[in-house]
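This report concerns only the one structure given below.
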2 protein chains.
Amino acid sequence: MYTVKEISTLAGVSVRTLHYYDQIGLLTPTRKAENGYRQYDDAALLRLQQILFYRELDFKLLDIRALLDDPNFDQVAALEEHGVALIARLLRVENLIATVDDTIKHLKGEKEMSKKALFEAFSEEKQAEYAKEAEEKYDPEIVRASNRKWKGYSAEKKQTILDEGNQVYVDMIAAMPKGADSSEAQAVVKRWRKHMDYFWTPNLDQLLGLATMYGQSPEFKTKFDAMHPDLTTFFREAVEIYVANK
Amino acid sequence: MYTVKEISTLAGVSVRTLHYYDQIGLLTPTRKAENGYRQYDDAALLRLQQILFYRELDFKLLDIRALLDDPNFDQVAALEEHGVALIARLLRVENLIATVDDTIKHLKGEKEMSKKALFEAFSEEKQAEYAKEAEEKYDPEIVRASNRKWKGYSAEKKQTILDEGNQVYVDMIAAMPKGADSSEAQAVVKRWRKHMDYFWTPNLDQLLGLATMYGQSPEFKTKFDAMHPDLTTFFREAVEIYVANK
DNA sequence: CTTGACATTAACCTTACGTCATAGTTTATA
DNA sequence: TATAAACTATGACGTAAGGTTAATGTCAAG
């Protein structure tokens, strides 16, 4: 048997919260001692864990109560639905982070930003985009598809594609003196994106992730460094700008 | 001059919200017409945009008011601080998504899970971990440091490191018949992680990201496929298991 | 026998609005 | 021009999930 304090520290919730959960009938103590003290057993503790789990998923407490008390409730369906919502949330947070970064740069005078760009992160279209993208991202099928795509090419085709890739890097080096934000560099990024399409179709986030990884893997770094010492940095910068300007 | 309704639809907020913002002095209308109607100009619209921006970052409305009204407020500092909080949020959401996936599998009977694993996502240690990781992730210095590290090696050293890397992949292929969760495969992953250390020190998230990217970049995929057709898939699986077991 | 840690209930406070209710104003239409 | 539809205003209450006192009771240790 645990006291409120014990449960409180074990589960990391406040005593007030336990009182409240008792009050709304979400988690009633196993029994009450003569002195009126609440007492909880292991089953109660487990139930609390479940409550916390769903609470973290932004379920309302009363919904959680209904869910835990109704044995007919389809937990899997509810979770899957919430999984998509979570991915949308993830995308929104990622977008916010990018906006924060951009705004800092903007305030430091390192970056020009239109009012539109500054605030489009929470437009309705963006929200819809998050939702759509979330559904795609949640589908593991999409990853498998990209693997199938590559496997479908013949050996020569593969070689052609790789050669085309190398040409992109060569052109990128040529564009370096003009700056990462030059139309030349941006055009190369665009071609690179198109090139990636032979394999899979990365979204903007993934595109940036790829460019970043190019600078973070020893193997790649070596190859790029051999072509030009500043290529990885420049490449990432150019992609960053490309992504920022959508 | 805009009416409440116009602003409301333009900015995607309710009329009630505008009333409320007026009430707390966060966004007072440019002027009030004789009939008492609120009227807003473009400046007000811009201020509303700023309000929405900070609101989205979870600032309290009264803090936003203070922030926007005080010209001495250090916006950059506030944003940077909030950037870290946002990354922590991102990590938490990522963890939640993983937990949801696992829980679904668990409910479908596809996966064994200890009670501990089911609920560790919101333990205090985890929260602390998020915060710490967020600070690291947010610090751009860390990226620059990894570049410096690699540049510091001599040419022979670099070659040695790359050879060691290839040896890791060869050993990984050798471990394939035992399964991705075999101690052999896991040991190779551990070595790979250590190997990466020559270049930078990825955290678990980044490790997984790297393994994923290996399967998503044509260049890498080609190299790996040449060694063994299932290497990328197996490699990622093994890293996934490694990361899951921390 | 006192002190400090812990327990109880009760009641008000909080945030950022949503939701009526009531009433005046403007605009579109019959 | 009458009237309905649409918009505006203020005021007041409601909400979720507890936080924050306050007043009081209980228990183990010194």
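In the structure tokens, each chain is lettered A, B, ... as it comes, each chain's residues begin at 1, and ligands are numbered from 1 in order of appearance.
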
Item to check | Exercise: segment 20-22 of chain D partners within 12 Å, only C-alpha atoms (C1' of nucleotides), chain neighbours under 5 positions left out, as a list of chain:residue names | outcome: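 Once the adjacent positions are removed, what remains is A:Arg16, C:DT9, C:DA10, C:DA11, C:DC12, C:DC13, C:DT14.
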
Those residues with N, CA, C and O atoms (P, O5', C5', C4', C3', O3' and C1' of nucleotides), as an mmCIF file, in the first residue's frame please?
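Once written, result_18.cif looks like this:
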```
data_model
loop_
_atom_site.group_PDB
_atom_site.id
_atom_site.type_symbol
_atom_site.label_atom_id
_atom_site.label_comp_id
_atom_site.auth_asym_id
_atom_site.auth_seq_id
_atom_site.Cartn_x
_atom_site.Cartn_y
_atom_site.Cartn_z
ATOM 1 N N ARG A 16 -1.889 17.129 -5.315
ATOM 2 C CA ARG A 16 -3.131 17.778 -5.755
ATOM 3 C C ARG A 16 -3.748 17.034 -6.929
ATOM 4 O O ARG A 16 -4.961 16.853 -7.024
ATOM 5 P P DT C 9 -10.222 14.357 1.626
ATOM 6 O "O5'" DT C 9 -10.943 15.728 2.019
ATOM 7 C "C5'" DT C 9 -11.859 15.749 3.099
ATOM 8 C "C4'" DT C 9 -12.252 17.182 3.401
ATOM 9 C "C3'" DT C 9 -13.024 17.878 2.278
ATOM 10 O "O3'" DT C 9 -14.179 18.496 2.821
ATOM 11 C "C1'" DT C 9 -11.103 19.161 2.886
ATOM 12 P P DA C 10 -15.293 19.058 1.821
ATOM 13 O "O5'" DA C 10 -14.915 20.600 1.788
ATOM 14 C "C5'" DA C 10 -14.439 21.224 2.966
ATOM 15 C "C4'" DA C 10 -14.143 22.682 2.679
ATOM 16 C "C3'" DA C 10 -14.893 23.245 1.478
ATOM 17 O "O3'" DA C 10 -15.450 24.498 1.832
ATOM 18 C "C1'" DA C 10 -12.552 23.586 1.224
ATOM 19 P P DA C 11 -16.472 25.243 0.824
ATOM 20 O "O5'" DA C 11 -15.557 26.372 0.213
ATOM 21 C "C5'" DA C 11 -14.657 27.073 1.069
ATOM 22 C "C4'" DA C 11 -13.738 27.909 0.206
ATOM 23 C "C3'" DA C 11 -14.410 28.387 -1.085
ATOM 24 O "O3'" DA C 11 -14.135 29.760 -1.282
ATOM 25 C "C1'" DA C 11 -12.375 27.331 -1.570
ATOM 26 P P DC C 12 -15.046 30.585 -2.307
ATOM 27 O "O5'" DC C 12 -13.955 31.482 -3.024
ATOM 28 C "C5'" DC C 12 -12.918 32.074 -2.242
ATOM 29 C "C4'" DC C 12 -11.603 32.005 -2.990
ATOM 30 C "C3'" DC C 12 -11.668 32.670 -4.386
ATOM 31 O "O3'" DC C 12 -10.606 33.606 -4.488
ATOM 32 C "C1'" DC C 12 -10.639 30.561 -4.516
ATOM 33 P P DC C 13 -10.441 34.497 -5.805
ATOM 34 O "O5'" DC C 13 -9.261 33.752 -6.578
ATOM 35 C "C5'" DC C 13 -7.960 33.698 -5.982
ATOM 36 C "C4'" DC C 13 -6.963 33.199 -7.008
ATOM 37 C "C3'" DC C 13 -7.138 33.845 -8.391
ATOM 38 O "O3'" DC C 13 -5.876 34.326 -8.840
ATOM 39 C "C1'" DC C 13 -7.235 31.470 -8.568
ATOM 40 P P DT C 14 -5.820 35.263 -10.161
ATOM 41 O "O5'" DT C 14 -5.329 34.237 -11.281
ATOM 42 C "C5'" DT C 14 -4.296 33.316 -10.982
ATOM 43 C "C4'" DT C 14 -4.150 32.339 -12.130
ATOM 44 C "C3'" DT C 14 -4.491 32.926 -13.504
ATOM 45 O "O3'" DT C 14 -3.291 33.108 -14.233
ATOM 46 C "C1'" DT C 14 -5.370 30.706 -13.197
#
```

Could you list, with a cut-off of 9 Å and counting only C-alpha atoms (C1' of nucleotides), the residues of chain D near chain A, each shown with its nearest atom pair and the distance in Å rounded to one decimal, rows sorted by chain and ascending number, as a Markdown table?
```
| residue | atom | partner | partner_atom | distance |
| --- | --- | --- | --- | --- |
| D:DA16 | C1' | A:Lys60 | CA | 8.5 |
| D:DA17 | C1' | A:Thr17 | CA | 8.3 |
| D:DG18 | C1' | A:Thr17 | CA | 6.4 |
| D:DG19 | C1' | A:Arg16 | CA | 8.3 |
| D:DG25 | C1' | A:Asn35 | CA | 8.9 |
| D:DT26 | C1' | A:Asn35 | CA | 7.7 |
```

Item to check | chain C contacts to chain A at 9 Å (only C-alpha atoms (C1' of nucleotides)) as a ChimeraX atom specification | outcome: /C:6-8

Checklist entry - In Å to one decimal, how far is atom CA of Asp42 of chain B from atom CA of Met1 of chain B? => result 7.5 Å

Next on the checklist: Can you measure atom CA of Asn72 of chain B to atom C1' of DT15 of chain C for me? One decimal in Å is fine.
Outcome noted: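 Separating atom CA of Asn72 of chain B from atom C1' of DT15 of chain C is a distance of 26.2 Å.
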
Checklist entry - So which one's closest to Arg89 of chain B, B:Phe235, B:Asp58, B:Ile7, B:Ile51? Using only C-alpha atoms, please. => result B:Asp58

Checklist entry - At what distance in Å, to one decimal, does atom CA of Lys178 of chain B lie from atom CA of Tyr242 of chain B? => result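 The value is 15.0 Å.
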
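Among the candidates A:Lys105, A:Arg31, A:His228, A:Lys194, the residue lying nearest to chain B is A:Lys105 (atoms considered: only C-alpha atoms).
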
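Of the residues under consideration (A:Thr28, A:Thr99, A:Gln39, A:Ser8), A:Thr99 shows the shortest atom-to-atom contact distance to chain B when counting only C-alpha atoms.
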
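Minimum atom-to-atom distance to chain A, evaluated using only C-alpha atoms, belongs to B:Ala77 out of B:Ala44, B:Ile173, B:Ala77, B:Val168.
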